[in-house]
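Everything below belongs to data-v3.txt, which stores compact mmCIF, C-alpha atoms.
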```
# COMPACT_ATOMS: atom_id res chain seq x y z
CA MET T 1 29.91 15.55 -125.06
CA ALA T 2 30.77 15.55 -128.75
CA ASP T 3 31.61 18.86 -130.39
CA LEU T 4 29.65 19.05 -133.63
CA LYS T 5 30.53 22.62 -134.57
CA GLY T 6 30.67 22.90 -138.37
CA LYS T 7 28.84 19.61 -138.93
CA ARG T 8 25.83 19.78 -141.22
CA VAL T 9 22.89 17.44 -140.94
CA ALA T 10 20.12 16.89 -143.49
CA MET T 11 16.79 16.04 -141.86
CA VAL T 12 14.31 14.84 -144.50
CA LEU T 13 10.72 15.52 -143.59
CA ALA T 14 7.11 15.48 -144.75
CA ARG T 15 3.73 15.95 -143.10
CA ASN T 16 2.53 13.70 -140.32
CA PHE T 17 6.03 13.08 -138.94
CA GLU T 18 6.32 11.57 -135.45
CA ASP T 19 6.94 14.82 -133.60
CA VAL T 20 9.71 13.87 -131.18
CA GLU T 21 11.56 11.81 -133.76
CA ALA T 22 12.26 15.08 -135.58
CA THR T 23 12.35 17.70 -132.83
CA ASP T 24 14.42 15.68 -130.37
CA PRO T 25 17.37 14.75 -132.65
CA LYS T 26 17.26 18.30 -134.07
CA ALA T 27 17.54 19.89 -130.62
CA TYR T 28 20.18 17.38 -129.51
CA LEU T 29 22.43 17.89 -132.52
CA GLU T 30 22.01 21.68 -132.54
CA LYS T 31 22.91 21.87 -128.87
CA LEU T 32 26.19 20.15 -129.73
CA GLY T 33 26.87 22.75 -132.44
CA ALA T 34 25.63 21.04 -135.60
CA LYS T 35 23.50 22.82 -138.18
CA VAL T 36 20.35 20.85 -138.99
CA THR T 37 18.66 21.59 -142.31
CA VAL T 38 15.06 20.45 -142.73
CA ILE T 39 14.61 19.29 -146.32
CA GLY T 40 11.11 18.90 -147.75
CA VAL T 41 9.51 18.13 -151.08
CA GLU T 42 8.29 21.72 -151.18
CA THR T 43 8.82 24.88 -149.13
CA GLY T 44 6.62 25.79 -146.17
CA THR T 45 5.63 24.54 -142.75
CA ILE T 46 5.52 20.80 -142.12
CA GLU T 47 3.04 19.60 -139.52
CA GLY T 48 3.75 16.65 -137.24
CA LYS T 49 1.24 14.04 -136.05
CA LYS T 50 0.86 15.54 -132.60
CA GLY T 51 1.03 19.30 -132.97
CA ALA T 52 4.69 20.04 -133.63
CA SER T 53 5.65 21.90 -136.79
CA LEU T 54 8.95 22.61 -138.50
CA GLU T 55 9.82 25.02 -141.28
CA THR T 56 11.35 23.65 -144.46
CA ASP T 57 14.87 25.09 -144.84
CA SER T 58 15.51 23.59 -148.26
CA THR T 59 13.89 21.37 -150.87
CA PHE T 60 15.28 18.26 -152.51
CA ALA T 61 15.55 20.23 -155.74
CA ASP T 62 18.09 22.52 -154.06
CA ALA T 63 19.84 20.04 -151.77
CA SER T 64 23.02 18.12 -152.54
CA VAL T 65 24.48 15.22 -150.60
CA ASP T 66 27.85 17.00 -150.85
CA ASP T 67 26.55 19.77 -148.59
CA PHE T 68 25.94 17.49 -145.61
CA ASP T 69 27.85 15.28 -143.20
CA ALA T 70 24.93 13.12 -142.09
CA MET T 71 21.27 12.44 -142.84
CA VAL T 72 18.40 11.83 -140.40
CA ILE T 73 15.07 10.23 -141.35
CA PRO T 74 12.37 10.71 -138.65
CA GLY T 75 9.40 8.33 -138.61
CA GLY T 76 5.62 8.59 -138.30
CA GLY T 77 3.73 9.18 -141.54
CA SER T 78 6.53 11.27 -143.02
CA PRO T 79 8.56 8.51 -144.74
CA GLU T 80 5.44 7.29 -146.60
CA GLN T 81 5.01 10.79 -148.03
CA LEU T 82 8.67 11.04 -149.04
CA ARG T 83 9.07 7.58 -150.59
CA ILE T 84 6.48 8.24 -153.30
CA HIS T 85 8.61 11.04 -154.79
CA GLU T 86 11.69 10.46 -156.93
CA ALA T 87 13.85 13.23 -155.47
CA PRO T 88 13.86 12.11 -151.81
CA VAL T 89 14.40 8.50 -152.87
CA ALA T 90 17.36 9.47 -155.08
CA PHE T 91 18.78 11.73 -152.33
CA THR T 92 18.56 8.86 -149.83
CA ARG T 93 20.22 6.36 -152.13
CA ALA T 94 23.06 8.79 -152.92
CA PHE T 95 23.55 9.55 -149.22
CA VAL T 96 23.81 5.89 -148.25
CA GLU T 97 26.20 5.25 -151.14
CA SER T 98 28.35 8.23 -150.10
CA GLY T 99 29.36 6.34 -146.98
CA LYS T 100 28.32 9.22 -144.71
CA PRO T 101 26.03 8.38 -141.75
CA VAL T 102 22.33 7.86 -142.49
CA ALA T 103 20.12 7.50 -139.42
CA ALA T 104 16.51 6.25 -139.68
CA ILE T 105 14.09 5.72 -136.82
CA CYS T 106 10.69 4.00 -136.69
CA HIS T 107 8.99 4.23 -140.13
CA GLY T 108 12.14 5.94 -141.47
CA ALA T 109 13.17 2.56 -142.83
CA GLN T 110 10.37 2.84 -145.41
CA LEU T 111 12.44 5.46 -147.22
CA LEU T 112 15.48 3.15 -147.09
CA ILE T 113 13.35 0.38 -148.61
CA SER T 114 12.27 2.59 -151.50
CA ALA T 115 15.87 3.74 -152.00
CA ASN T 116 16.77 0.07 -152.35
CA VAL T 117 19.71 0.27 -149.95
CA LEU T 118 18.82 -2.38 -147.36
CA ASP T 119 19.81 -5.53 -149.20
CA GLY T 120 22.31 -7.41 -147.04
CA ARG T 121 22.35 -4.73 -144.33
CA THR T 122 21.47 -5.27 -140.68
CA ALA T 123 18.78 -2.85 -139.50
CA THR T 124 15.86 -2.28 -137.19
CA CYS T 125 12.56 -0.37 -137.42
CA VAL T 126 9.15 -0.12 -135.76
CA LYS T 127 7.77 -3.66 -135.66
CA THR T 128 4.73 -2.81 -137.80
CA ILE T 129 7.00 -2.65 -140.88
CA ARG T 130 9.52 -5.36 -139.94
CA ASP T 131 8.22 -7.71 -142.66
CA ASP T 132 8.77 -5.00 -145.28
CA VAL T 133 12.33 -4.44 -144.06
CA LYS T 134 12.97 -8.19 -144.27
CA ASN T 135 11.48 -8.37 -147.78
CA ALA T 136 13.83 -5.55 -148.80
CA GLY T 137 16.69 -7.93 -148.10
CA ALA T 138 17.72 -6.62 -144.70
CA ASN T 139 18.72 -8.68 -141.69
CA TYR T 140 16.09 -7.31 -139.29
CA VAL T 141 16.90 -7.31 -135.58
CA ASP T 142 14.71 -6.09 -132.72
CA GLU T 143 17.17 -3.81 -130.88
CA ALA T 144 17.03 -0.21 -129.70
CA LEU T 145 20.04 0.76 -131.80
CA VAL T 146 21.55 -1.01 -134.78
CA VAL T 147 24.68 0.27 -136.48
CA ASP T 148 25.82 -1.40 -139.69
CA GLY T 149 28.56 0.60 -141.32
CA ASN T 150 27.12 4.05 -142.08
CA LEU T 151 23.55 2.91 -141.43
CA ILE T 152 22.11 3.81 -138.00
CA THR T 153 18.60 2.55 -137.20
CA SER T 154 16.27 2.58 -134.19
CA ARG T 155 12.71 1.43 -133.51
CA VAL T 156 10.63 3.93 -131.54
CA PRO T 157 10.74 7.27 -129.67
CA GLY T 158 11.96 5.43 -126.55
CA ASP T 159 15.17 4.62 -128.41
CA LEU T 160 15.95 8.30 -129.11
CA PRO T 161 18.71 8.71 -126.49
CA GLN T 162 20.76 5.92 -128.07
CA PHE T 163 19.83 7.02 -131.59
CA ASN T 164 20.90 10.62 -131.00
CA GLU T 165 24.14 9.60 -129.34
CA ALA T 166 25.03 7.28 -132.21
CA ILE T 167 24.49 10.06 -134.78
CA ALA T 168 26.72 12.45 -132.81
CA LYS T 169 29.38 9.78 -132.44
CA HIS T 170 29.43 9.08 -136.17
CA LEU T 171 29.45 12.78 -137.01
CA THR T 172 32.65 13.35 -135.06
CA ARG T 173 34.29 10.73 -137.29
CA VAL T 174 33.39 12.18 -140.70
CA GLU T 175 35.25 15.01 -142.35
CA ALA T 176 33.21 18.19 -142.59
CA ALA T 177 31.58 18.60 -146.01
CA ALA T 178 33.11 21.03 -148.47
CA SER T 179 31.77 24.55 -147.96
CA MET A 1 -28.23 -6.12 -157.43
CA ALA A 2 -26.63 -9.27 -156.07
CA ASP A 3 -28.53 -11.24 -153.44
CA LEU A 4 -26.08 -12.05 -150.64
CA LYS A 5 -28.55 -13.58 -148.21
CA GLY A 6 -26.80 -16.31 -146.21
CA LYS A 7 -23.32 -15.13 -147.19
CA ARG A 8 -20.94 -14.50 -144.33
CA VAL A 9 -18.09 -12.00 -144.50
CA ALA A 10 -15.15 -11.69 -142.12
CA MET A 11 -13.96 -8.10 -141.74
CA VAL A 12 -10.61 -8.02 -139.91
CA LEU A 13 -10.04 -4.82 -138.00
CA ALA A 14 -7.83 -2.99 -135.52
CA ARG A 15 -7.60 0.56 -134.22
CA ASN A 16 -6.92 3.49 -136.49
CA PHE A 17 -8.74 1.96 -139.47
CA GLU A 18 -9.62 4.22 -142.39
CA ASP A 19 -13.23 4.79 -141.42
CA VAL A 20 -15.05 4.51 -144.74
CA GLU A 21 -12.96 1.53 -145.86
CA ALA A 22 -14.67 -0.45 -143.10
CA THR A 23 -18.08 1.18 -142.72
CA ASP A 24 -18.82 1.50 -146.44
CA PRO A 25 -18.19 -2.13 -147.51
CA LYS A 26 -19.97 -3.30 -144.32
CA ALA A 27 -23.09 -1.25 -145.10
CA TYR A 28 -23.01 -2.22 -148.77
CA LEU A 29 -22.73 -5.96 -148.13
CA GLU A 30 -25.29 -5.93 -145.32
CA LYS A 31 -27.77 -4.08 -147.50
CA LEU A 32 -27.47 -6.94 -149.99
CA GLY A 33 -28.22 -9.47 -147.26
CA ALA A 34 -24.75 -10.61 -146.16
CA LYS A 35 -23.75 -10.93 -142.52
CA VAL A 36 -20.53 -9.06 -141.79
CA THR A 37 -18.57 -10.16 -138.71
CA VAL A 38 -15.95 -7.75 -137.37
CA ILE A 39 -12.99 -9.80 -136.13
CA GLY A 40 -10.45 -8.19 -133.82
CA VAL A 41 -7.40 -9.24 -131.84
CA GLU A 42 -9.42 -8.69 -128.68
CA THR A 43 -13.04 -7.89 -127.81
CA GLY A 44 -14.36 -4.33 -127.49
CA THR A 45 -14.85 -1.19 -129.52
CA ILE A 46 -12.41 -0.41 -132.34
CA GLU A 47 -11.87 3.26 -133.12
CA GLY A 48 -11.25 4.50 -136.66
CA LYS A 49 -8.91 7.33 -137.68
CA LYS A 50 -11.68 9.86 -138.17
CA GLY A 51 -14.28 9.20 -135.50
CA ALA A 52 -16.05 6.04 -136.63
CA SER A 53 -16.13 3.06 -134.30
CA LEU A 54 -17.15 -0.55 -134.72
CA GLU A 55 -17.78 -3.27 -132.16
CA THR A 56 -15.75 -6.46 -132.33
CA ASP A 57 -18.10 -9.38 -133.03
CA SER A 58 -15.47 -12.09 -132.70
CA THR A 59 -11.75 -12.52 -132.05
CA PHE A 60 -9.21 -14.43 -134.13
CA ALA A 61 -9.03 -16.98 -131.30
CA ASP A 62 -12.69 -17.84 -131.94
CA ALA A 63 -12.88 -17.35 -135.70
CA SER A 64 -12.43 -20.05 -138.32
CA VAL A 65 -12.01 -19.58 -142.06
CA ASP A 66 -14.62 -22.34 -142.50
CA ASP A 67 -17.26 -20.05 -141.04
CA PHE A 68 -16.96 -17.41 -143.77
CA ASP A 69 -17.46 -17.00 -147.49
CA ALA A 70 -15.22 -13.96 -147.97
CA MET A 71 -12.76 -11.77 -146.10
CA VAL A 72 -12.38 -7.97 -146.20
CA ILE A 73 -9.27 -6.08 -145.05
CA PRO A 74 -9.90 -2.32 -144.63
CA GLY A 75 -6.91 0.05 -144.67
CA GLY A 76 -5.63 2.97 -142.64
CA GLY A 77 -3.51 2.10 -139.61
CA SER A 78 -5.45 -1.10 -138.95
CA PRO A 79 -3.40 -3.55 -141.06
CA GLU A 80 -0.17 -2.46 -139.31
CA GLN A 81 -1.75 -3.37 -135.98
CA LEU A 82 -2.97 -6.75 -137.26
CA ARG A 83 0.18 -7.86 -139.07
CA ILE A 84 2.27 -7.85 -135.89
CA HIS A 85 0.13 -10.63 -134.37
CA GLU A 86 0.37 -14.28 -135.34
CA ALA A 87 -3.37 -15.05 -135.32
CA PRO A 88 -4.51 -12.48 -137.93
CA VAL A 89 -1.56 -13.35 -140.15
CA ALA A 90 -2.35 -17.08 -139.96
CA PHE A 91 -6.07 -16.38 -140.54
CA THR A 92 -5.24 -14.32 -143.62
CA ARG A 93 -2.91 -16.93 -145.07
CA ALA A 94 -5.48 -19.69 -144.53
CA PHE A 95 -8.23 -17.58 -146.11
CA VAL A 96 -6.21 -16.85 -149.25
CA GLU A 97 -5.21 -20.51 -149.51
CA SER A 98 -8.87 -21.57 -149.15
CA GLY A 99 -9.59 -20.03 -152.52
CA LYS A 100 -12.47 -17.94 -151.15
CA PRO A 101 -12.44 -14.20 -151.97
CA VAL A 102 -10.08 -11.98 -149.98
CA ALA A 103 -10.50 -8.24 -150.57
CA ALA A 104 -7.90 -5.72 -149.37
CA ILE A 105 -8.00 -1.96 -149.87
CA CYS A 106 -5.35 0.72 -149.29
CA HIS A 107 -2.94 -0.40 -146.52
CA GLY A 108 -4.82 -3.73 -146.36
CA ALA A 109 -2.09 -5.18 -148.55
CA GLN A 110 0.29 -4.93 -145.58
CA LEU A 111 -1.53 -7.85 -144.00
CA LEU A 112 -1.24 -9.80 -147.26
CA ILE A 113 2.51 -9.09 -147.26
CA SER A 114 2.92 -10.45 -143.74
CA ALA A 115 0.79 -13.48 -144.62
CA ASN A 116 3.24 -14.12 -147.45
CA VAL A 117 0.55 -14.63 -150.07
CA LEU A 118 1.48 -12.02 -152.69
CA ASP A 119 4.32 -13.78 -154.46
CA GLY A 120 3.46 -13.98 -158.14
CA ARG A 121 0.04 -12.35 -157.67
CA THR A 122 -1.15 -9.18 -159.39
CA ALA A 123 -2.36 -6.59 -156.89
CA THR A 124 -2.76 -2.92 -156.09
CA CYS A 125 -2.60 -0.83 -152.92
CA VAL A 126 -2.19 2.76 -151.75
CA LYS A 127 0.92 4.09 -153.49
CA THR A 128 2.77 4.78 -150.22
CA ILE A 129 3.32 1.02 -149.79
CA ARG A 130 3.70 0.02 -153.45
CA ASP A 131 7.41 -0.73 -153.01
CA ASP A 132 6.61 -3.12 -150.15
CA VAL A 133 4.01 -4.90 -152.27
CA LYS A 134 6.56 -5.25 -155.07
CA ASN A 135 9.21 -6.55 -152.66
CA ALA A 136 6.71 -9.16 -151.47
CA GLY A 137 6.81 -10.58 -154.98
CA ALA A 138 3.60 -9.10 -156.32
CA ASN A 139 3.05 -7.66 -159.75
CA TYR A 140 1.93 -4.17 -158.61
CA VAL A 141 -0.42 -2.24 -160.87
CA ASP A 142 -1.90 1.22 -160.32
CA GLU A 143 -5.58 0.54 -160.97
CA ALA A 144 -8.78 1.19 -159.02
CA LEU A 145 -9.65 -2.49 -158.93
CA VAL A 146 -7.42 -5.50 -159.46
CA VAL A 147 -8.80 -9.03 -159.41
CA ASP A 148 -6.35 -11.95 -159.57
CA GLY A 149 -8.14 -15.19 -158.84
CA ASN A 150 -9.60 -14.88 -155.35
CA LEU A 151 -7.58 -11.79 -154.54
CA ILE A 152 -9.45 -8.47 -154.86
CA THR A 153 -7.44 -5.27 -154.25
CA SER A 154 -8.06 -1.53 -154.47
CA ARG A 155 -6.06 1.61 -153.69
CA VAL A 156 -8.03 4.31 -151.86
CA PRO A 157 -11.50 5.26 -150.55
CA GLY A 158 -12.36 6.63 -154.01
CA ASP A 159 -12.16 3.08 -155.35
CA LEU A 160 -14.80 1.78 -152.92
CA PRO A 161 -17.70 1.52 -155.41
CA GLN A 162 -15.70 -0.84 -157.63
CA PHE A 163 -14.21 -2.64 -154.64
CA ASN A 164 -17.61 -3.28 -153.04
CA GLU A 165 -19.16 -4.43 -156.28
CA ALA A 166 -16.32 -6.88 -156.92
CA ILE A 167 -16.73 -8.43 -153.47
CA ALA A 168 -20.47 -8.87 -154.00
CA LYS A 169 -19.89 -10.38 -157.44
CA HIS A 170 -17.41 -12.92 -156.08
CA LEU A 171 -19.66 -13.75 -153.14
CA THR A 172 -22.47 -14.79 -155.45
CA ARG A 173 -20.09 -17.31 -157.00
CA VAL A 174 -18.93 -19.11 -153.87
CA GLU A 175 -20.88 -21.81 -152.10
CA ALA A 176 -22.23 -20.71 -148.73
CA ALA A 177 -19.98 -21.89 -145.89
CA ALA A 178 -21.14 -24.83 -143.82
CA SER A 179 -23.41 -23.73 -140.99
```

How would this structure read if it were set down as structure tokens?
Amino acid sequence: MADLKGKRVAMVLARNFEDVEATDPKAYLEKLGAKVTVIGVETGTIEGKKGASLETDSTFADASVDDFDAMVIPGGGSPEQLRIHEAPVAFTRAFVESGKPVAAICHGAQLLISANVLDGRTATCVKTIRDDVKNAGANYVDEALVVDGNLITSRVPGDLPQFNEAIAKHLTRVEAAAS
Amino acid sequence: MADLKGKRVAMVLARNFEDVEATDPKAYLEKLGAKVTVIGVETGTIEGKKGASLETDSTFADASVDDFDAMVIPGGGSPEQLRIHEAPVAFTRAFVESGKPVAAICHGAQLLISANVLDGRTATCVKTIRDDVKNAGANYVDEALVVDGNLITSRVPGDLPQFNEAIAKHLTRVEAAAS
């Protein structure tokens, strides 16, 4: 098992997230020693689609890409609520451009589309938005896990084991962010 | 009030539709005399997001563009479920190319994206998918009602009065389909 002690992960979240796509990677990465920070548009509790809820640890106004080693974008209705705001879109673009791992599952790719970072990249997503991913310039493939450079993408909750493992693997490769 | 007697409207629908975006145009058009046919991927009852349900009158396998004078695409989660199937996408493309009115509200534009009919057209949609509509080549505008040729688009349930009225207005202009 990877040792992620000292690694810091930004999980960007809004209401109506697909519960397990947030709670499962969070629990997995924390168990390995990483610190996962839930970043929202505003402070408070964020409700998932199916009853889960997570507290916002930070807002985009207070968060800096420099403070994190990796970024996770859970799916469900959450990415649609993030992509309509400038701050999460700018944060996502800066994270992808930093070269540090960015992992998006399911509808998470919608935030990547709005951040305009998919052109020429190979990626996957839930099939209901595959045409949007293609129109954003990506090479869409229907696979459980797709890794293209620092971009890690998966399709659905069933892909979570491979998704989580890929994030942990990439995190062991990056230098810890400056304190 | 427009007289829509003899006019036939195809309403394409799948589960998780935004209730009023289906039930409200259906009631409005039927009150004016039109016949609204709910077309689904398969037969049976289709459940909305908030408790409404509609019976499937026909399936895409049995439906022909020639049998209708206009097409309505309600939003919610329905368009995501339609756009992943070939038959609704082909039906949509053929309807737009026929020149007869096609009206999409909210997430309805997702089906237009997958049908590849938005390039160079002016359209609106719910803001959470505006970037996808732009990437499909459309000229996106944030207005309650946008009419570009035979393409009628609106954003949200609050736009329904203008949306419904525009459909009725266009229906009075088209020749009734062959019986």

> Could you list, as a list in words, every residue of chain A that has an atom within 8 Å of an atom of chain T, counting only C-alpha atoms?
Replying inline: Glu80, Gln81, Arg83, Ile84, Ile113, Ser114, Lys127, Thr128, Ile129, Asp131, Asp132, Asn135 and Ala136 of chain A

>> Could you tell me how far CA of Ala27 in chain A sits from CA of Ala90 in chain A, in Å to one decimal place?
In response: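 Answer for the CA of Ala90 in chain A to CA of Ala27 in chain A separation: 26.6 Å.
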
> Which one of A:Leu32, A:Val117, A:Val65, A:Ile39 sits closest to Gly6 in chain A if you count all atoms listed in the file?
Replying inline: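 When distances to Gly6 in chain A are compared using all atoms listed in the file, the smallest one comes from A:Leu32.
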
>> For a test of reading the model, state the distance in Å between CA of Pro161 in chain T and CA of Gly51 in chain T, rounded to one decimal.
In response: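 Between CA of Pro161 in chain T and CA of Gly51 in chain T the gap is 21.6 Å.
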
Over all C-alpha pairs taken in sequence order, what does chain A look like after a least-squares fit onto chain T? Please give it as a CSV table (one decimal) with C-alpha atoms, in the coordinates of the input.
```csv
chain,number,residue,atom,x,y,z
A,1,MET,CA,29.9,15.5,-125.1
A,2,ALA,CA,30.8,15.5,-128.8
A,3,ASP,CA,31.6,18.8,-130.4
A,4,LEU,CA,29.6,19.0,-133.7
A,5,LYS,CA,30.5,22.6,-134.6
A,6,GLY,CA,30.7,22.9,-138.4
A,7,LYS,CA,28.9,19.6,-138.9
A,8,ARG,CA,25.8,19.8,-141.2
A,9,VAL,CA,22.9,17.4,-140.9
A,10,ALA,CA,20.1,16.9,-143.5
A,11,MET,CA,16.8,16.0,-141.9
A,12,VAL,CA,14.3,14.9,-144.5
A,13,LEU,CA,10.7,15.5,-143.6
A,14,ALA,CA,7.1,15.5,-144.7
A,15,ARG,CA,3.7,15.9,-143.1
A,16,ASN,CA,2.5,13.7,-140.3
A,17,PHE,CA,6.0,13.1,-138.9
A,18,GLU,CA,6.3,11.6,-135.4
A,19,ASP,CA,6.9,14.8,-133.6
A,20,VAL,CA,9.7,13.9,-131.2
A,21,GLU,CA,11.6,11.8,-133.8
A,22,ALA,CA,12.3,15.1,-135.6
A,23,THR,CA,12.3,17.7,-132.8
A,24,ASP,CA,14.4,15.7,-130.4
A,25,PRO,CA,17.4,14.7,-132.7
A,26,LYS,CA,17.3,18.3,-134.1
A,27,ALA,CA,17.5,19.9,-130.6
A,28,TYR,CA,20.2,17.4,-129.5
A,29,LEU,CA,22.4,17.9,-132.5
A,30,GLU,CA,22.0,21.7,-132.5
A,31,LYS,CA,22.9,21.8,-128.9
A,32,LEU,CA,26.2,20.1,-129.7
A,33,GLY,CA,26.9,22.7,-132.4
A,34,ALA,CA,25.6,21.0,-135.6
A,35,LYS,CA,23.5,22.8,-138.2
A,36,VAL,CA,20.4,20.8,-139.0
A,37,THR,CA,18.7,21.6,-142.3
A,38,VAL,CA,15.1,20.4,-142.7
A,39,ILE,CA,14.6,19.3,-146.3
A,40,GLY,CA,11.1,18.9,-147.7
A,41,VAL,CA,9.5,18.1,-151.1
A,42,GLU,CA,8.3,21.7,-151.2
A,43,THR,CA,8.8,24.9,-149.1
A,44,GLY,CA,6.6,25.8,-146.2
A,45,THR,CA,5.6,24.6,-142.7
A,46,ILE,CA,5.5,20.8,-142.1
A,47,GLU,CA,3.0,19.6,-139.5
A,48,GLY,CA,3.7,16.6,-137.2
A,49,LYS,CA,1.2,14.1,-136.0
A,50,LYS,CA,0.8,15.5,-132.6
A,51,GLY,CA,1.0,19.3,-133.0
A,52,ALA,CA,4.7,20.0,-133.6
A,53,SER,CA,5.6,21.9,-136.8
A,54,LEU,CA,8.9,22.6,-138.5
A,55,GLU,CA,9.8,25.0,-141.3
A,56,THR,CA,11.3,23.7,-144.5
A,57,ASP,CA,14.9,25.1,-144.9
A,58,SER,CA,15.5,23.6,-148.3
A,59,THR,CA,13.9,21.4,-150.9
A,60,PHE,CA,15.3,18.2,-152.5
A,61,ALA,CA,15.5,20.2,-155.8
A,62,ASP,CA,18.1,22.5,-154.1
A,63,ALA,CA,19.8,20.0,-151.8
A,64,SER,CA,23.0,18.1,-152.5
A,65,VAL,CA,24.5,15.2,-150.6
A,66,ASP,CA,27.8,17.0,-150.9
A,67,ASP,CA,26.5,19.8,-148.6
A,68,PHE,CA,25.9,17.5,-145.6
A,69,ASP,CA,27.8,15.3,-143.2
A,70,ALA,CA,24.9,13.1,-142.1
A,71,MET,CA,21.3,12.4,-142.8
A,72,VAL,CA,18.4,11.8,-140.4
A,73,ILE,CA,15.1,10.2,-141.3
A,74,PRO,CA,12.4,10.7,-138.6
A,75,GLY,CA,9.4,8.3,-138.6
A,76,GLY,CA,5.6,8.6,-138.3
A,77,GLY,CA,3.7,9.2,-141.5
A,78,SER,CA,6.5,11.3,-143.0
A,79,PRO,CA,8.6,8.5,-144.7
A,80,GLU,CA,5.4,7.3,-146.6
A,81,GLN,CA,5.0,10.8,-148.0
A,82,LEU,CA,8.7,11.0,-149.0
A,83,ARG,CA,9.1,7.6,-150.6
A,84,ILE,CA,6.5,8.2,-153.3
A,85,HIS,CA,8.6,11.0,-154.8
A,86,GLU,CA,11.7,10.4,-156.9
A,87,ALA,CA,13.8,13.2,-155.5
A,88,PRO,CA,13.9,12.1,-151.8
A,89,VAL,CA,14.4,8.5,-152.9
A,90,ALA,CA,17.4,9.5,-155.1
A,91,PHE,CA,18.8,11.7,-152.3
A,92,THR,CA,18.6,8.9,-149.8
A,93,ARG,CA,20.2,6.4,-152.2
A,94,ALA,CA,23.0,8.8,-152.9
A,95,PHE,CA,23.5,9.6,-149.2
A,96,VAL,CA,23.8,5.9,-148.3
A,97,GLU,CA,26.2,5.3,-151.2
A,98,SER,CA,28.3,8.2,-150.1
A,99,GLY,CA,29.3,6.3,-147.0
A,100,LYS,CA,28.3,9.2,-144.7
A,101,PRO,CA,26.0,8.4,-141.8
A,102,VAL,CA,22.3,7.9,-142.5
A,103,ALA,CA,20.1,7.5,-139.4
A,104,ALA,CA,16.5,6.3,-139.7
A,105,ILE,CA,14.1,5.7,-136.8
A,106,CYS,CA,10.7,4.0,-136.7
A,107,HIS,CA,9.0,4.2,-140.1
A,108,GLY,CA,12.1,5.9,-141.5
A,109,ALA,CA,13.2,2.6,-142.8
A,110,GLN,CA,10.4,2.8,-145.4
A,111,LEU,CA,12.5,5.5,-147.2
A,112,LEU,CA,15.5,3.1,-147.1
A,113,ILE,CA,13.3,0.4,-148.6
A,114,SER,CA,12.3,2.6,-151.5
A,115,ALA,CA,15.9,3.7,-152.0
A,116,ASN,CA,16.8,0.1,-152.3
A,117,VAL,CA,19.7,0.3,-149.9
A,118,LEU,CA,18.8,-2.4,-147.4
A,119,ASP,CA,19.8,-5.5,-149.2
A,120,GLY,CA,22.3,-7.4,-147.0
A,121,ARG,CA,22.3,-4.7,-144.3
A,122,THR,CA,21.5,-5.3,-140.7
A,123,ALA,CA,18.8,-2.8,-139.5
A,124,THR,CA,15.9,-2.3,-137.2
A,125,CYS,CA,12.6,-0.4,-137.4
A,126,VAL,CA,9.2,-0.1,-135.8
A,127,LYS,CA,7.8,-3.7,-135.7
A,128,THR,CA,4.7,-2.8,-137.8
A,129,ILE,CA,7.0,-2.7,-140.9
A,130,ARG,CA,9.5,-5.4,-139.9
A,131,ASP,CA,8.2,-7.7,-142.7
A,132,ASP,CA,8.8,-5.0,-145.3
A,133,VAL,CA,12.3,-4.4,-144.1
A,134,LYS,CA,13.0,-8.2,-144.3
A,135,ASN,CA,11.5,-8.4,-147.8
A,136,ALA,CA,13.8,-5.5,-148.8
A,137,GLY,CA,16.7,-7.9,-148.1
A,138,ALA,CA,17.7,-6.6,-144.7
A,139,ASN,CA,18.7,-8.7,-141.7
A,140,TYR,CA,16.1,-7.3,-139.3
A,141,VAL,CA,16.9,-7.3,-135.6
A,142,ASP,CA,14.7,-6.1,-132.7
A,143,GLU,CA,17.2,-3.8,-130.9
A,144,ALA,CA,17.0,-0.2,-129.7
A,145,LEU,CA,20.0,0.8,-131.8
A,146,VAL,CA,21.5,-1.0,-134.8
A,147,VAL,CA,24.7,0.3,-136.5
A,148,ASP,CA,25.8,-1.4,-139.7
A,149,GLY,CA,28.6,0.6,-141.3
A,150,ASN,CA,27.1,4.1,-142.1
A,151,LEU,CA,23.6,2.9,-141.4
A,152,ILE,CA,22.1,3.8,-138.0
A,153,THR,CA,18.6,2.6,-137.2
A,154,SER,CA,16.3,2.6,-134.2
A,155,ARG,CA,12.7,1.4,-133.5
A,156,VAL,CA,10.6,3.9,-131.5
A,157,PRO,CA,10.7,7.3,-129.7
A,158,GLY,CA,11.9,5.4,-126.6
A,159,ASP,CA,15.2,4.6,-128.4
A,160,LEU,CA,15.9,8.3,-129.1
A,161,PRO,CA,18.7,8.7,-126.5
A,162,GLN,CA,20.8,5.9,-128.1
A,163,PHE,CA,19.8,7.0,-131.6
A,164,ASN,CA,20.9,10.6,-131.0
A,165,GLU,CA,24.1,9.6,-129.3
A,166,ALA,CA,25.0,7.3,-132.2
A,167,ILE,CA,24.5,10.1,-134.8
A,168,ALA,CA,26.7,12.4,-132.8
A,169,LYS,CA,29.4,9.8,-132.4
A,170,HIS,CA,29.4,9.1,-136.2
A,171,LEU,CA,29.4,12.8,-137.0
A,172,THR,CA,32.6,13.3,-135.1
A,173,ARG,CA,34.3,10.7,-137.3
A,174,VAL,CA,33.4,12.1,-140.7
A,175,GLU,CA,35.3,15.0,-142.4
A,176,ALA,CA,33.3,18.2,-142.6
A,177,ALA,CA,31.6,18.6,-146.0
A,178,ALA,CA,33.2,21.0,-148.4
A,179,SER,CA,31.8,24.5,-147.9
```

>> With distances taken over all atoms listed in the file, which residue among T:Val41, T:Leu118, T:Val126, T:Leu29 lies nearest Val9 in chain T?
In response: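 Ranked by minimum distance to Val9 in chain T, first place goes to T:Leu29.
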
> CA of His107 in chain A and CA of Ile152 in chain A, how far apart in Å?
Replying inline: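 For CA of Ile152 in chain A relative to CA of His107 in chain A, the distance reads 13.3 Å.
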